[in-house]
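Dropping run21.pdb in here (PDB, C-alpha atoms):
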ATOM      1  CA  PRO A 280     -25.543 -44.445 -21.905  1.00  0.00           C
ATOM      2  CA  SER A 281     -22.000 -43.172 -22.163  1.00  0.00           C
ATOM      3  CA  LEU A 282     -20.525 -41.154 -19.347  1.00  0.00           C
ATOM      4  CA  SER A 283     -18.461 -38.099 -20.083  1.00  0.00           C
ATOM      5  CA  ALA A 284     -15.890 -36.498 -17.888  1.00  0.00           C
ATOM      6  CA  PRO A 285     -17.188 -33.750 -15.618  1.00  0.00           C
ATOM      7  CA  ALA A 286     -16.765 -30.204 -16.844  1.00  0.00           C
ATOM      8  CA  PRO A 287     -13.621 -28.500 -15.586  1.00  0.00           C
ATOM      9  CA  PRO A 288     -14.128 -26.021 -12.744  1.00  0.00           C
ATOM     10  CA  PRO A 289     -14.469 -22.359 -13.716  1.00  0.00           C
ATOM     11  CA  PRO A 290     -11.248 -20.325 -13.633  1.00  0.00           C
ATOM     12  CA  PRO A 291     -10.581 -18.340 -10.469  1.00  0.00           C
ATOM     13  CA  PRO A 292     -11.573 -14.669 -10.551  1.00  0.00           C
ATOM     14  CA  ALA A 293      -9.014 -12.347 -12.110  1.00  0.00           C
ATOM     15  CA  ASP A 294      -6.548 -11.012  -9.584  1.00  0.00           C
ATOM     16  CA  PRO A 295      -6.105  -7.264 -10.170  1.00  0.00           C
ATOM     17  CA  PHE A 296      -2.720  -7.380  -8.428  1.00  0.00           C
ATOM     18  CA  ALA A 297      -1.320 -10.349 -10.352  1.00  0.00           C
ATOM     19  CA  ALA A 298      -0.042  -8.187 -13.205  1.00  0.00           C
ATOM     20  CA  ALA A 299       1.961  -6.178 -10.680  1.00  0.00           C
ATOM     21  CA  GLY A 300       3.386  -9.347  -9.151  1.00  0.00           C
ATOM     22  CA  LEU A 301       1.558  -8.883  -5.874  1.00  0.00           C
ATOM     23  CA  GLY A 302       0.470 -11.968  -3.988  1.00  0.00           C
ATOM     24  CA  PRO A 303      -1.919 -12.440  -1.108  1.00  0.00           C
ATOM     25  CA  ALA A 304      -1.139 -10.772   2.190  1.00  0.00           C
ATOM     26  CA  ALA A 305      -2.358 -13.764   4.198  1.00  0.00           C
ATOM     27  CA  GLY A 306      -0.745 -14.110   7.569  1.00  0.00           C
ATOM     28  CA  VAL A 307       0.709 -10.598   7.622  1.00  0.00           C
ATOM     29  CA  SER A 308      -0.720  -7.568   9.312  1.00  0.00           C
ATOM     30  CA  PHE A 309       0.691  -4.197  10.201  1.00  0.00           C
ATOM     31  CA  VAL A 310       0.813  -2.293  13.482  1.00  0.00           C
ATOM     32  CA  PRO A 311       0.864   1.531  13.413  1.00  0.00           C
ATOM     33  CA  LEU A 312       4.194   3.035  14.398  1.00  0.00           C
ATOM     34  CA  ALA A 313       4.225   6.650  15.577  1.00  0.00           C
ATOM     35  CA  MET A 314       7.321   8.502  14.460  1.00  0.00           C
ATOM     36  CA  THR A 315       8.430  12.030  13.677  1.00  0.00           C
ATOM     37  CA  THR A 316       9.032  13.232  10.142  1.00  0.00           C
ATOM     38  CA  PRO A 317      12.819  13.567  10.728  1.00  0.00           C
ATOM     39  CA  ALA A 318      12.976  10.007  12.109  1.00  0.00           C
ATOM     40  CA  PHE A 319      10.964   8.765   9.119  1.00  0.00           C
ATOM     41  CA  GLY A 320      13.319  10.596   6.739  1.00  0.00           C
ATOM     42  CA  SER A 321      16.352   8.985   8.316  1.00  0.00           C
ATOM     43  CA  LYS A 322      14.859   5.485   8.086  1.00  0.00           C
ATOM     44  CA  TRP A 323      13.592   6.176   4.544  1.00  0.00           C
ATOM     45  CA  MET A 324      17.058   7.143   3.323  1.00  0.00           C
ATOM     46  CA  ALA A 325      18.651   4.112   5.010  1.00  0.00           C
ATOM     47  CA  MET A 326      16.295   1.751   3.138  1.00  0.00           C
ATOM     48  CA  ALA A 327      16.711   3.299  -0.323  1.00  0.00           C
ATOM     49  CA  SER A 328      17.920   0.030  -1.847  1.00  0.00           C
ATOM     50  CA  SER A 329      14.827  -1.891  -0.759  1.00  0.00           C
ATOM     51  CA  GLU A 330      12.075   0.028  -2.523  1.00  0.00           C
ATOM     52  CA  THR A 331       8.898  -1.280  -4.135  1.00  0.00           C
ATOM     53  CA  LYS A 332       6.657   1.082  -6.090  1.00  0.00           C
ATOM     54  CA  ALA A 333       3.180   0.638  -7.563  1.00  0.00           C
ATOM     55  CA  GLN A 334       0.497   2.821  -9.059  1.00  0.00           C
ATOM     56  CA  VAL A 335      -2.797   1.827  -7.488  1.00  0.00           C
ATOM     57  CA  PRO A 336      -6.298   2.887  -8.520  1.00  0.00           C
ATOM     58  CA  VAL A 337      -8.258   5.107  -6.143  1.00  0.00           C
ATOM     59  CA  ALA A 338     -11.936   4.157  -6.421  1.00  0.00           C
ATOM     60  CA  ARG A 339     -12.989   5.995  -3.267  1.00  0.00           C
ATOM     61  CA  ARG A 340     -14.063   9.449  -4.366  1.00  0.00           C
ATOM     62  CA  GLU A 341     -13.568  11.018  -0.921  1.00  0.00           C
ATOM     63  CA  VAL A 342      -9.893  10.010  -1.020  1.00  0.00           C
ATOM     64  CA  ALA A 343      -9.019  10.903  -4.630  1.00  0.00           C
ATOM     65  CA  ASN A 344      -8.036  14.537  -3.915  1.00  0.00           C
ATOM     66  CA  SER A 345      -7.286  14.442  -0.205  1.00  0.00           C
ATOM     67  CA  PRO A 346      -4.045  13.072   1.226  1.00  0.00           C
ATOM     68  CA  GLY A 347      -5.550  13.557   4.694  1.00  0.00           C
ATOM     69  CA  ALA A 348      -8.450  11.251   3.807  1.00  0.00           C
ATOM     70  CA  LEU A 349      -5.969   8.834   2.222  1.00  0.00           C
ATOM     71  CA  GLY A 350      -3.930   8.715   5.423  1.00  0.00           C
ATOM     72  CA  ALA A 351      -7.070   8.236   7.536  1.00  0.00           C
ATOM     73  CA  CYS A 352      -8.187   5.416   5.242  1.00  0.00           C
ATOM     74  CA  TRP A 353      -4.847   3.650   5.633  1.00  0.00           C
ATOM     75  CA  ALA A 354      -4.662   4.280   9.389  1.00  0.00           C
ATOM     76  CA  GLY A 355      -7.496   1.764   9.630  1.00  0.00           C
ATOM     77  CA  ARG A 356      -5.223  -0.810   7.961  1.00  0.00           C
ATOM     78  CA  GLY A 357      -2.434  -0.658  10.518  1.00  0.00           C
ATOM     79  CA  PHE A 358      -0.373   2.320   9.348  1.00  0.00           C
ATOM     80  CA  ALA A 359       0.289   5.479  11.373  1.00  0.00           C
ATOM     81  CA  VAL A 360       0.199   8.794   9.541  1.00  0.00           C
ATOM     82  CA  VAL A 361       3.568  10.491   9.996  1.00  0.00           C
ATOM     83  CA  GLU A 362       2.773  13.578   7.926  1.00  0.00           C
ATOM     84  CA  VAL A 363       0.214  14.817   5.404  1.00  0.00           C
ATOM     85  CA  ILE A 364       1.607  17.207   2.792  1.00  0.00           C
ATOM     86  CA  GLY A 365      -1.580  18.731   1.409  1.00  0.00           C
ATOM     87  CA  LYS A 366      -0.012  21.128  -1.060  1.00  0.00           C
ATOM     88  CA  THR A 367       1.627  18.281  -3.030  1.00  0.00           C
ATOM     89  CA  LEU A 368      -1.060  15.622  -2.300  1.00  0.00           C
ATOM     90  CA  GLU A 369       1.369  13.388  -0.407  1.00  0.00           C
ATOM     91  CA  VAL A 370       1.213  11.364   2.779  1.00  0.00           C
ATOM     92  CA  ILE A 371       3.887   9.394   4.641  1.00  0.00           C
ATOM     93  CA  LEU A 372       3.102   6.509   6.978  1.00  0.00           C
ATOM     94  CA  ALA A 373       4.914   4.011   9.181  1.00  0.00           C
ATOM     95  CA  ALA A 374       4.166   0.588  10.603  1.00  0.00           C
ATOM     96  CA  THR A 375       5.783  -2.577  11.813  1.00  0.00           C
ATOM     97  CA  SER A 376       4.907  -6.021  10.538  1.00  0.00           C
ATOM     98  CA  ALA A 377       3.170  -8.623  12.646  1.00  0.00           C
ATOM     99  CA  PRO A 378       4.638 -11.076  13.158  1.00  0.00           C
ATOM    100  CA  GLY A 379       8.240  -9.960  13.026  1.00  0.00           C
ATOM    101  CA  GLY A 380       8.244  -6.276  13.938  1.00  0.00           C
ATOM    102  CA  THR A 381       9.961  -5.196  10.711  1.00  0.00           C
ATOM    103  CA  LEU A 382       9.771  -1.453  10.003  1.00  0.00           C
ATOM    104  CA  VAL A 383       7.696  -0.515   6.949  1.00  0.00           C
ATOM    105  CA  CYS A 384       7.824   3.055   5.585  1.00  0.00           C
ATOM    106  CA  VAL A 385       5.278   4.260   3.020  1.00  0.00           C
ATOM    107  CA  HIS A 386       5.139   7.336   0.797  1.00  0.00           C
ATOM    108  CA  ALA A 387       2.102   7.972  -1.369  1.00  0.00           C
ATOM    109  CA  LYS A 388       1.350  10.712  -3.843  1.00  0.00           C
ATOM    110  CA  LEU A 389      -2.150  11.130  -5.202  1.00  0.00           C
ATOM    111  CA  ALA A 390      -2.588  11.584  -8.948  1.00  0.00           C
ATOM    112  CA  PRO A 391      -6.175  12.888  -9.211  1.00  0.00           C
ATOM    113  CA  VAL A 392      -6.128  13.161 -13.006  1.00  0.00           C
ATOM    114  CA  SER A 393      -5.648   9.391 -13.302  1.00  0.00           C
ATOM    115  CA  SER A 394      -7.633   8.544 -10.118  1.00  0.00           C
ATOM    116  CA  SER A 395      -4.629   6.755  -8.711  1.00  0.00           C
ATOM    117  CA  ALA A 396      -1.876   6.979  -6.147  1.00  0.00           C
ATOM    118  CA  VAL A 397       1.793   6.189  -6.584  1.00  0.00           C
ATOM    119  CA  VAL A 398       2.673   4.144  -3.511  1.00  0.00           C
ATOM    120  CA  THR A 399       6.297   3.569  -2.553  1.00  0.00           C
ATOM    121  CA  VAL A 400       7.182   1.154   0.229  1.00  0.00           C
ATOM    122  CA  ARG A 401      10.613   0.745   1.758  1.00  0.00           C
ATOM    123  CA  CYS A 402      11.264  -2.155   4.077  1.00  0.00           C
ATOM    124  CA  ALA A 403      14.290  -4.240   5.046  1.00  0.00           C
ATOM    125  CA  ASP A 404      12.273  -7.367   4.189  1.00  0.00           C
ATOM    126  CA  LYS A 405      11.476  -6.794   0.530  1.00  0.00           C
ATOM    127  CA  GLY A 406       8.913  -9.609   0.659  1.00  0.00           C
ATOM    128  CA  LEU A 407       6.724  -7.464   2.929  1.00  0.00           C
ATOM    129  CA  SER A 408       6.535  -4.535   0.515  1.00  0.00           C
ATOM    130  CA  PRO A 409       4.120  -6.121  -1.996  1.00  0.00           C
ATOM    131  CA  LYS A 410       1.962  -7.300   0.895  1.00  0.00           C
ATOM    132  CA  ALA A 411       1.807  -3.771   2.285  1.00  0.00           C
ATOM    133  CA  ILE A 412       0.884  -2.413  -1.143  1.00  0.00           C
ATOM    134  CA  GLU A 413      -1.829  -5.049  -1.523  1.00  0.00           C
ATOM    135  CA  ILE A 414      -3.397  -4.119   1.823  1.00  0.00           C
ATOM    136  CA  LEU A 415      -3.183  -0.402   1.079  1.00  0.00           C
ATOM    137  CA  ALA A 416      -4.589  -0.829  -2.443  1.00  0.00           C
ATOM    138  CA  GLY A 417      -7.436  -2.923  -1.070  1.00  0.00           C
ATOM    139  CA  ALA A 418      -8.487  -0.048   1.198  1.00  0.00           C
ATOM    140  CA  LEU A 419      -8.764   2.245  -1.831  1.00  0.00           C
ATOM    141  CA  ALA A 420     -10.949  -0.152  -3.778  1.00  0.00           C
ATOM    142  CA  LEU A 421     -13.787  -0.210  -1.233  1.00  0.00           C
TER     143      LEU A 421
END
Is it possible to express this structure as structure tokens?
Amino acid sequence: PSLSAPAPPPPPPADPFAAAGLGPAAGVSFVPLAMTTPAFGSKWMAMASSETKAQVPVARREVANSPGALGACWAGRGFAVVEVIGKTLEVILAATSAPGGTLVCVHAKLAPVSSSAVVTVRCADKGLSPKAIEILAGALAL
């Protein structure tokens, strides 16, 4: 009997973040950083040149129209809620990276019509921004 080569392995599952250029967040976590809104604003303005933005789907119904619920959801992922702006469906958060202690500032605005959130991350280490977005997006997919 003739032997044939084994079948190739199946392709890996589709990565929903690949199209956005987001890689795995392995080895990086975030630690909540309490800060005032004015302090956040100052840091946010200083990091204007290091911005990463993504529109992420919001699958969790309880979060889709509530920036407070969005902030609470992300607080469990290592980000401190700085301020919830209910009228405009926005939330701002702050954290530091572990390891490294690099400041990470996040602004998110819910877009209920499209069941998504526009997430903007500013960080001196631009390589951390996609990792932060990946972690935050993952919390919304649960």
Query raised in the report: Excluding same-chain residues fewer than 3 positions from Glu369 of chain A, what lies within 8 Å of it counting only C-alpha atoms, as a list in words?
Result: Pro346, Val363, Ile364, Gly365, Lys366, His386, Ala387, Lys388 and Leu389 of chain A
Report task. One decimal, Å: what's the distance from atom CA of Leu368 of chain A over to atom CA of Ala403 of chain A, could you say? Result ->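 Calculated distance between atom CA of Leu368 of chain A and atom CA of Ala403 of chain A is 26.2 Å.
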Requested in this report: Please indicate the distance in Å from atom CA of Ser393 of chain A to atom CA of Val307 of chain A, rounded to one decimal place.
Outcome: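 Separation between atom CA of Ser393 of chain A and atom CA of Val307 of chain A: 29.6 Å.
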So that I can check the surroundings of Gly355 of chain A, please list as a JSON list (two decimals) with C-alpha atoms, in the coordinates of the input every protein, DNA and RNA residue that reaches within 12 Å of it, counting all atoms listed in the file and ignoring chain neighbours fewer than 2 positions away.
[["chain", "number", "residue", "atom", "x", "y", "z"],
["A", 308, "SER", "CA", -0.72, -7.57, 9.31],
["A", 309, "PHE", "CA", 0.69, -4.20, 10.20],
["A", 310, "VAL", "CA", 0.81, -2.29, 13.48],
["A", 311, "PRO", "CA", 0.86, 1.53, 13.41],
["A", 348, "ALA", "CA", -8.45, 11.25, 3.81],
["A", 349, "LEU", "CA", -5.97, 8.83, 2.22],
["A", 350, "GLY", "CA", -3.93, 8.72, 5.42],
["A", 351, "ALA", "CA", -7.07, 8.24, 7.54],
["A", 352, "CYS", "CA", -8.19, 5.42, 5.24],
["A", 353, "TRP", "CA", -4.85, 3.65, 5.63],
["A", 357, "GLY", "CA", -2.43, -0.66, 10.52],
["A", 358, "PHE", "CA", -0.37, 2.32, 9.35],
["A", 359, "ALA", "CA", 0.29, 5.48, 11.37],
["A", 360, "VAL", "CA", 0.20, 8.79, 9.54],
["A", 372, "LEU", "CA", 3.10, 6.51, 6.98],
["A", 374, "ALA", "CA", 4.17, 0.59, 10.60],
["A", 414, "ILE", "CA", -3.40, -4.12, 1.82],
["A", 415, "LEU", "CA", -3.18, -0.40, 1.08],
["A", 417, "GLY", "CA", -7.44, -2.92, -1.07],
["A", 418, "ALA", "CA", -8.49, -0.05, 1.20],
["A", 419, "LEU", "CA", -8.76, 2.24, -1.83]]
Query raised in the report: To one decimal place, how far is atom CA of Ala373 of chain A from atom CA of Met314 of chain A in Å?
Result: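 Between atom CA of Ala373 of chain A and atom CA of Met314 of chain A the gap works out to 7.3 Å.
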**Report entry** Among the residues A:Leu407, A:Ala390, A:Val337, A:Val400, the one that comes closest to Pro378 of chain A [using all atoms listed in the file]
**Finding:** A:Leu407
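With distances restricted to only C-alpha atoms, A:Met326 is the closest residue to Asp404 of chain A from A:Val342, A:Val392, A:Val335, A:Met326.
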Using all atoms listed in the file, find each residue of segment 358-400 of chain A with at least one atom at most 7 Å away from an atom of segment 315-324 of chain A; report its shortest atom-to-atom pair and that distance in Å (one decimal), sort the rows by chain and rising residue number, and return the result as JSON lines.
{"residue": "A:Val361", "atom": "CA", "partner": "A:Thr316", "partner_atom": "CA", "distance": 6.1}
{"residue": "A:Glu362", "atom": "CA", "partner": "A:Thr316", "partner_atom": "CA", "distance": 6.6}
{"residue": "A:Cys384", "atom": "CA", "partner": "A:Trp323", "partner_atom": "CA", "distance": 6.6}
Requested in this report: Using only C-alpha atoms, pick whichever of A:Ile371, A:Cys402, A:Ala377, A:Ala420 has the shortest atom-to-atom distance to Ala325 of chain A.
Outcome: A:Cys402
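Taking all atoms listed in the file into account, Ala313 of chain A lies nearest to A:Thr375 out of the set A:Ser394, A:Ser328, A:Thr375, A:Thr399.
You can rank A:Gln334, A:Thr381, A:Thr367, A:Ser345 by their closest distance to Gly406 of chain A using all atoms listed in the file, and at the top of that list sits A:Thr381.
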Query raised in the report: So which residues touch Arg401 of chain A within 7 Å, counting all atoms listed in the file, skipping near sequence neighbours fewer than 3 positions away, as a PyMOL selection string?
Result: chain A and resi 323+326-327+329-331+383-385+408
